[in-house]
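Asks: Got a file for you: final.csv, CSV, C-alpha atoms.
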chain,number,residue,atom,x,y,z
S,1,MET,CA,108.8,77.4,44.2
S,2,LEU,CA,111.7,75.0,44.4
S,3,LYS,CA,109.5,72.2,43.1
S,4,VAL,CA,108.7,74.2,40.0
S,5,ILE,CA,112.4,75.0,39.4
S,6,SER,CA,113.3,71.3,39.8
S,7,ASN,CA,110.9,70.4,37.0
S,8,PRO,CA,113.2,69.8,34.1
S,9,HIS,CA,110.7,71.2,31.6
S,10,ILE,CA,110.5,74.6,33.4
S,11,LEU,CA,114.2,74.6,34.5
S,12,THR,CA,115.3,74.1,30.9
S,13,VAL,CA,113.3,77.1,29.7
S,14,ILE,CA,114.4,79.3,32.6
S,15,MET,CA,118.1,78.5,32.0
S,16,LEU,CA,117.7,79.1,28.2
S,17,VAL,CA,116.2,82.5,28.9
S,18,PHE,CA,119.1,83.5,31.1
S,19,SER,CA,121.7,82.1,28.7
S,20,ASN,CA,120.0,83.9,25.8
S,21,CYS,CA,120.2,87.2,27.7
S,22,PHE,CA,124.0,86.8,27.7
S,23,MET,CA,124.2,85.7,24.1
S,24,THR,CA,121.9,88.5,22.8
S,25,TYR,CA,124.1,91.0,24.6
S,26,ALA,CA,127.3,89.4,23.3
S,27,TRP,CA,126.0,89.3,19.7
S,28,TYR,CA,124.4,92.7,19.5
S,29,GLY,CA,125.3,94.8,22.6
S,30,HIS,CA,128.7,95.7,21.2
S,31,LEU,CA,127.0,97.6,18.4
S,32,LYS,CA,126.0,100.2,21.0
S,33,THR,CA,128.5,99.9,23.8
S,34,LEU,CA,131.7,99.2,21.8
S,35,SER,CA,131.0,101.0,18.6
S,36,THR,CA,134.1,103.2,19.0
S,37,LYS,CA,136.4,100.3,19.7
S,38,SER,CA,138.2,98.1,17.2
S,39,TRP,CA,136.4,95.0,16.0
S,40,TYR,CA,138.9,92.7,17.7
S,41,ILE,CA,138.2,94.3,21.1
S,42,ALA,CA,134.5,93.8,20.5
S,43,VAL,CA,135.2,90.1,19.6
S,44,PHE,CA,137.2,89.5,22.7
S,45,ILE,CA,134.7,91.1,25.0
S,46,SER,CA,131.8,89.4,23.2
S,47,TRP,CA,133.5,86.0,23.5
S,48,SER,CA,134.1,86.7,27.2
S,49,ILE,CA,130.4,87.3,27.6
S,50,ALA,CA,129.4,84.3,25.5
S,51,PHE,CA,131.5,82.1,27.8
S,52,PHE,CA,128.9,82.7,30.5
S,53,GLU,CA,126.1,82.0,28.1
S,54,TYR,CA,127.6,78.6,27.4
S,55,LEU,CA,128.0,77.9,31.2
S,56,ILE,CA,124.2,78.1,31.4
S,57,MET,CA,123.1,76.9,27.9
S,58,VAL,CA,125.1,73.6,27.9
S,59,PRO,CA,123.6,72.3,31.2
S,60,ALA,CA,120.1,73.6,30.1
S,61,ASN,CA,120.3,71.5,26.9
S,62,ARG,CA,121.5,68.5,28.8
S,63,ILE,CA,118.6,68.8,31.3
S,64,GLY,CA,116.1,69.6,28.5
S,65,PHE,CA,117.2,66.6,26.4
S,66,GLN,CA,116.0,64.3,29.1
S,67,VAL,CA,112.4,65.5,28.6
S,68,TYR,CA,112.4,67.2,25.1
S,69,SER,CA,113.4,65.9,21.7
S,70,LEU,CA,116.3,67.7,20.0
S,71,ALA,CA,113.9,69.4,17.6
S,72,GLN,CA,111.7,70.6,20.5
S,73,LEU,CA,114.8,72.0,22.2
S,74,LYS,CA,115.7,73.9,19.1
S,75,ILE,CA,112.3,75.4,18.7
S,76,ILE,CA,112.2,76.4,22.4
S,77,GLN,CA,115.5,78.1,21.9
S,78,GLU,CA,114.2,80.0,18.8
S,79,VAL,CA,111.1,81.2,20.8
S,80,VAL,CA,113.3,82.2,23.7
S,81,THR,CA,115.7,84.0,21.3
S,82,LEU,CA,112.8,86.1,19.8
S,83,GLY,CA,111.4,86.7,23.3
S,84,VAL,CA,114.7,88.1,24.5
S,85,PHE,CA,115.7,89.9,21.3
S,86,ILE,CA,112.5,92.0,20.9
S,87,PRO,CA,112.7,93.7,24.3
S,88,PHE,CA,116.5,94.0,23.9
S,89,ALA,CA,116.1,95.7,20.5
S,90,LEU,CA,113.3,98.0,21.7
S,91,ILE,CA,114.7,99.0,25.1
S,92,PHE,CA,118.5,98.6,25.0
S,93,MET,CA,119.1,99.3,21.3
S,94,ASN,CA,116.3,101.9,21.0
S,95,GLN,CA,115.0,100.3,17.8
S,96,PRO,CA,111.4,101.1,16.7
S,97,PHE,CA,108.7,98.4,17.1
S,98,LYS,CA,107.9,96.7,13.9
S,99,THR,CA,104.8,94.6,13.1
S,100,ASP,CA,107.3,92.1,11.6
S,101,TYR,CA,108.0,91.1,15.1
S,102,ILE,CA,104.4,90.0,15.5
S,103,TRP,CA,104.5,88.0,12.2
S,104,ALA,CA,107.8,86.3,13.2
S,105,ALA,CA,106.2,85.3,16.5
S,106,CYS,CA,103.2,83.9,14.7
S,107,CYS,CA,105.5,81.8,12.5
S,108,LEU,CA,107.3,80.5,15.6
S,109,LEU,CA,104.0,79.6,17.2
S,110,GLY,CA,103.4,77.5,14.1
S,111,ALA,CA,106.8,75.9,14.5
S,112,VAL,CA,106.0,75.2,18.2
S,113,TYR,CA,102.7,73.6,17.2
S,114,PHE,CA,104.3,71.2,14.7
S,115,MET,CA,107.2,70.3,16.9
S,116,PHE,CA,105.1,69.6,20.0
S,117,ARG,CA,102.0,67.9,18.5
S,118,SER,CA,101.8,64.3,19.3
Show me this structure written as structure tokens.
Replies:
Amino acid sequence: MLKVISNPHILTVIMLVFSNCFMTYAWYGHLKTLSTKSWYIAVFISWSIAFFEYLIMVPANRIGFQVYSLAQLKIIQEVVTLGVFIPFALIFMNQPFKTDYIWAACCLLGAVYFMFRS
């Protein structure tokens, strides 16, 4: 298990997933949990949460840049973002499932193909 986690390809993705969980909550969680608070309270709390996202994301990108191109890192982040956002929207925010999520995922798969083909 530790050998897998020490692989920079896998470690980058794992760290980006964790960082994106923080960021998704910072960006959208306040819409549910802080809807009765002033916007500046939501900003302060969201920035506080985003701080932890950056503590994970910056090292993840530094590790990932050793084995991925910049464009590949960006596409990985976009795939991770959608992969974290959809469950967040459905489960935490109680949003209905939309087939548009599937079409967006298909488009991202195309982007992955073009960024990772050699």
Asks: Between CA of Gly64 in chain S and CA of Ser118 in chain S, what distance in Å does the model show, to one decimal?
Replies: 17.8 Å
Asks: Quick one: residues within 12 Å of Phe65 in chain S, all atoms listed in the file, excluding same-chain residues fewer than 3 positions away - as a list in words?
Replies: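 These residues fall inside the cut-off: Pro8, His9, Leu11, Thr12, Val13, Met57, Val58, Pro59, Ala60, Asn61, Arg62, Tyr68, Ser69, Leu70, Ala71, Gln72, Leu73, Lys74 and Ile76 of chain S.
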Asks: Name the residues in contact with Phe92 in chain S at a cut-off of 12 Å, using all atoms listed in the file, excluding same-chain residues fewer than 4 positions from it; report them as a PyMOL selection string.
Replies: chain S and resi 21+24-25+28-33+84-88+96
Asks: Can you measure CA of Leu55 in chain S to CA of Ser19 in chain S for me? One decimal in Å is fine.
Replies: 8.0 Å
Asks: Pick out the residues sitting within 10 Å of Phe52 in chain S, and hand them over as a ChimeraX atom specification; count only C-alpha atoms, and ignore anything fewer than 6 positions along from it in its own chain.
Replies: /S:18-19,22-23,26
Asks: Which residue gives the smallest distance to Ile102 in chain S among S:Glu53, S:Gly83, S:Phe114, S:Ile45, with only C-alpha atoms counted?
Replies: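 Of S:Glu53, S:Gly83, S:Phe114, S:Ile45, the one nearest Ile102 in chain S is S:Gly83, counting only C-alpha atoms.
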Asks: Please determine, counting all atoms listed in the file, which residue among S:Ala104, S:Met115, S:Ile10, S:Val43 has the shortest atom-to-atom distance to Thr81 in chain S.
Replies: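 Comparing S:Ala104, S:Met115, S:Ile10, S:Val43 against Thr81 in chain S, the winner is S:Ala104.
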Asks: N, CA and C atoms are what I want for range 18-53 of chain S; can you complete it accordingly and write them as a PDB file, in the coordinates of the input?
Replies:
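To be explicit, this is the file written out as result-v9.pdb:
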ATOM      1  N   PHE S  18     117.948  82.795  30.551  1.00  0.00           N
ATOM      2  CA  PHE S  18     119.100  83.500  31.100  1.00  0.00           C
ATOM      3  C   PHE S  18     120.319  83.384  30.155  1.00  0.00           C
ATOM      4  N   SER S  19     120.546  82.220  29.584  1.00  0.00           N
ATOM      5  CA  SER S  19     121.700  82.100  28.700  1.00  0.00           C
ATOM      6  C   SER S  19     121.501  82.972  27.447  1.00  0.00           C
ATOM      7  N   ASN S  20     120.266  83.085  26.980  1.00  0.00           N
ATOM      8  CA  ASN S  20     120.000  83.900  25.800  1.00  0.00           C
ATOM      9  C   ASN S  20     120.189  85.384  26.075  1.00  0.00           C
ATOM     10  N   CYS S  21     119.954  85.799  27.297  1.00  0.00           N
ATOM     11  CA  CYS S  21     120.200  87.200  27.700  1.00  0.00           C
ATOM     12  C   CYS S  21     121.701  87.521  27.469  1.00  0.00           C
ATOM     13  N   PHE S  22     122.549  86.621  27.941  1.00  0.00           N
ATOM     14  CA  PHE S  22     124.000  86.800  27.700  1.00  0.00           C
ATOM     15  C   PHE S  22     124.344  86.816  26.256  1.00  0.00           C
ATOM     16  N   MET S  23     123.806  85.854  25.514  1.00  0.00           N
ATOM     17  CA  MET S  23     124.200  85.700  24.100  1.00  0.00           C
ATOM     18  C   MET S  23     123.668  86.909  23.272  1.00  0.00           C
ATOM     19  N   THR S  24     122.464  87.351  23.543  1.00  0.00           N
ATOM     20  CA  THR S  24     121.900  88.500  22.800  1.00  0.00           C
ATOM     21  C   THR S  24     122.819  89.722  23.025  1.00  0.00           C
ATOM     22  N   TYR S  25     123.223  89.925  24.273  1.00  0.00           N
ATOM     23  CA  TYR S  25     124.100  91.000  24.600  1.00  0.00           C
ATOM     24  C   TYR S  25     125.470  90.848  23.887  1.00  0.00           C
ATOM     25  N   ALA S  26     125.987  89.631  23.923  1.00  0.00           N
ATOM     26  CA  ALA S  26     127.300  89.400  23.300  1.00  0.00           C
ATOM     27  C   ALA S  26     127.210  89.598  21.781  1.00  0.00           C
ATOM     28  N   TRP S  27     126.123  89.177  21.168  1.00  0.00           N
ATOM     29  CA  TRP S  27     126.000  89.300  19.700  1.00  0.00           C
ATOM     30  C   TRP S  27     125.731  90.728  19.248  1.00  0.00           C
ATOM     31  N   TYR S  28     124.883  91.443  19.994  1.00  0.00           N
ATOM     32  CA  TYR S  28     124.400  92.700  19.500  1.00  0.00           C
ATOM     33  C   TYR S  28     124.754  93.926  20.398  1.00  0.00           C
ATOM     34  N   GLY S  29     125.021  93.695  21.672  1.00  0.00           N
ATOM     35  CA  GLY S  29     125.300  94.800  22.600  1.00  0.00           C
ATOM     36  C   GLY S  29     126.514  95.613  22.218  1.00  0.00           C
ATOM     37  N   HIS S  30     127.489  94.954  21.628  1.00  0.00           N
ATOM     38  CA  HIS S  30     128.700  95.700  21.200  1.00  0.00           C
ATOM     39  C   HIS S  30     128.442  96.728  20.178  1.00  0.00           C
ATOM     40  N   LEU S  31     127.364  96.585  19.422  1.00  0.00           N
ATOM     41  CA  LEU S  31     127.000  97.600  18.400  1.00  0.00           C
ATOM     42  C   LEU S  31     126.739  98.937  19.007  1.00  0.00           C
ATOM     43  N   LYS S  32     126.262  98.907  20.256  1.00  0.00           N
ATOM     44  CA  LYS S  32     126.000 100.200  21.000  1.00  0.00           C
ATOM     45  C   LYS S  32     127.096 100.532  21.913  1.00  0.00           C
ATOM     46  N   THR S  33     127.550  99.562  22.702  1.00  0.00           N
ATOM     47  CA  THR S  33     128.500  99.900  23.800  1.00  0.00           C
ATOM     48  C   THR S  33     129.945  99.950  23.347  1.00  0.00           C
ATOM     49  N   LEU S  34     130.290  99.271  22.271  1.00  0.00           N
ATOM     50  CA  LEU S  34     131.700  99.200  21.800  1.00  0.00           C
ATOM     51  C   LEU S  34     131.878  99.761  20.410  1.00  0.00           C
ATOM     52  N   SER S  35     130.971 100.598  19.968  1.00  0.00           N
ATOM     53  CA  SER S  35     131.000 101.000  18.600  1.00  0.00           C
ATOM     54  C   SER S  35     132.261 101.867  18.238  1.00  0.00           C
ATOM     55  N   THR S  36     132.898 102.430  19.241  1.00  0.00           N
ATOM     56  CA  THR S  36     134.100 103.200  19.000  1.00  0.00           C
ATOM     57  C   THR S  36     135.387 102.416  19.131  1.00  0.00           C
ATOM     58  N   LYS S  37     135.243 101.158  19.550  1.00  0.00           N
ATOM     59  CA  LYS S  37     136.400 100.300  19.700  1.00  0.00           C
ATOM     60  C   LYS S  37     136.696  99.493  18.469  1.00  0.00           C
ATOM     61  N   SER S  38     137.889  98.971  18.358  1.00  0.00           N
ATOM     62  CA  SER S  38     138.200  98.100  17.200  1.00  0.00           C
ATOM     63  C   SER S  38     137.423  96.842  17.277  1.00  0.00           C
ATOM     64  N   TRP S  39     137.216  96.243  16.095  1.00  0.00           N
ATOM     65  CA  TRP S  39     136.400  95.000  16.000  1.00  0.00           C
ATOM     66  C   TRP S  39     136.964  93.899  16.850  1.00  0.00           C
ATOM     67  N   TYR S  40     138.296  93.790  16.920  1.00  0.00           N
ATOM     68  CA  TYR S  40     138.900  92.700  17.700  1.00  0.00           C
ATOM     69  C   TYR S  40     138.695  92.859  19.172  1.00  0.00           C
ATOM     70  N   ILE S  41     138.583  94.092  19.647  1.00  0.00           N
ATOM     71  CA  ILE S  41     138.200  94.300  21.100  1.00  0.00           C
ATOM     72  C   ILE S  41     136.811  93.849  21.300  1.00  0.00           C
ATOM     73  N   ALA S  42     135.915  94.189  20.377  1.00  0.00           N
ATOM     74  CA  ALA S  42     134.500  93.800  20.500  1.00  0.00           C
ATOM     75  C   ALA S  42     134.420  92.238  20.469  1.00  0.00           C
ATOM     76  N   VAL S  43     135.221  91.600  19.624  1.00  0.00           N
ATOM     77  CA  VAL S  43     135.200  90.100  19.600  1.00  0.00           C
ATOM     78  C   VAL S  43     135.651  89.552  20.894  1.00  0.00           C
ATOM     79  N   PHE S  44     136.731  90.033  21.436  1.00  0.00           N
ATOM     80  CA  PHE S  44     137.200  89.500  22.700  1.00  0.00           C
ATOM     81  C   PHE S  44     136.221  89.676  23.826  1.00  0.00           C
ATOM     82  N   ILE S  45     135.643  90.855  23.923  1.00  0.00           N
ATOM     83  CA  ILE S  45     134.700  91.100  25.000  1.00  0.00           C
ATOM     84  C   ILE S  45     133.400  90.270  24.746  1.00  0.00           C
ATOM     85  N   SER S  46     132.951  90.177  23.490  1.00  0.00           N
ATOM     86  CA  SER S  46     131.800  89.400  23.200  1.00  0.00           C
ATOM     87  C   SER S  46     132.006  87.902  23.492  1.00  0.00           C
ATOM     88  N   TRP S  47     133.164  87.387  23.147  1.00  0.00           N
ATOM     89  CA  TRP S  47     133.500  86.000  23.500  1.00  0.00           C
ATOM     90  C   TRP S  47     133.526  85.782  24.984  1.00  0.00           C
ATOM     91  N   SER S  48     134.020  86.762  25.692  1.00  0.00           N
ATOM     92  CA  SER S  48     134.100  86.700  27.200  1.00  0.00           C
ATOM     93  C   SER S  48     132.656  86.585  27.739  1.00  0.00           C
ATOM     94  N   ILE S  49     131.751  87.371  27.186  1.00  0.00           N
ATOM     95  CA  ILE S  49     130.400  87.300  27.600  1.00  0.00           C
ATOM     96  C   ILE S  49     129.711  86.011  27.221  1.00  0.00           C
ATOM     97  N   ALA S  50     129.992  85.572  26.003  1.00  0.00           N
ATOM     98  CA  ALA S  50     129.400  84.300  25.500  1.00  0.00           C
ATOM     99  C   ALA S  50     129.847  83.117  26.326  1.00  0.00           C
ATOM    100  N   PHE S  51     131.006  83.193  26.939  1.00  0.00           N
ATOM    101  CA  PHE S  51     131.500  82.100  27.800  1.00  0.00           C
ATOM    102  C   PHE S  51     130.428  81.825  28.900  1.00  0.00           C
ATOM    103  N   PHE S  52     129.875  82.898  29.486  1.00  0.00           N
ATOM    104  CA  PHE S  52     128.900  82.700  30.500  1.00  0.00           C
ATOM    105  C   PHE S  52     127.569  82.168  29.962  1.00  0.00           C
ATOM    106  N   GLU S  53     127.271  82.531  28.732  1.00  0.00           N
ATOM    107  CA  GLU S  53     126.100  82.000  28.100  1.00  0.00           C
ATOM    108  C   GLU S  53     126.240  80.458  27.960  1.00  0.00           C
TER     109      GLU S  53
END
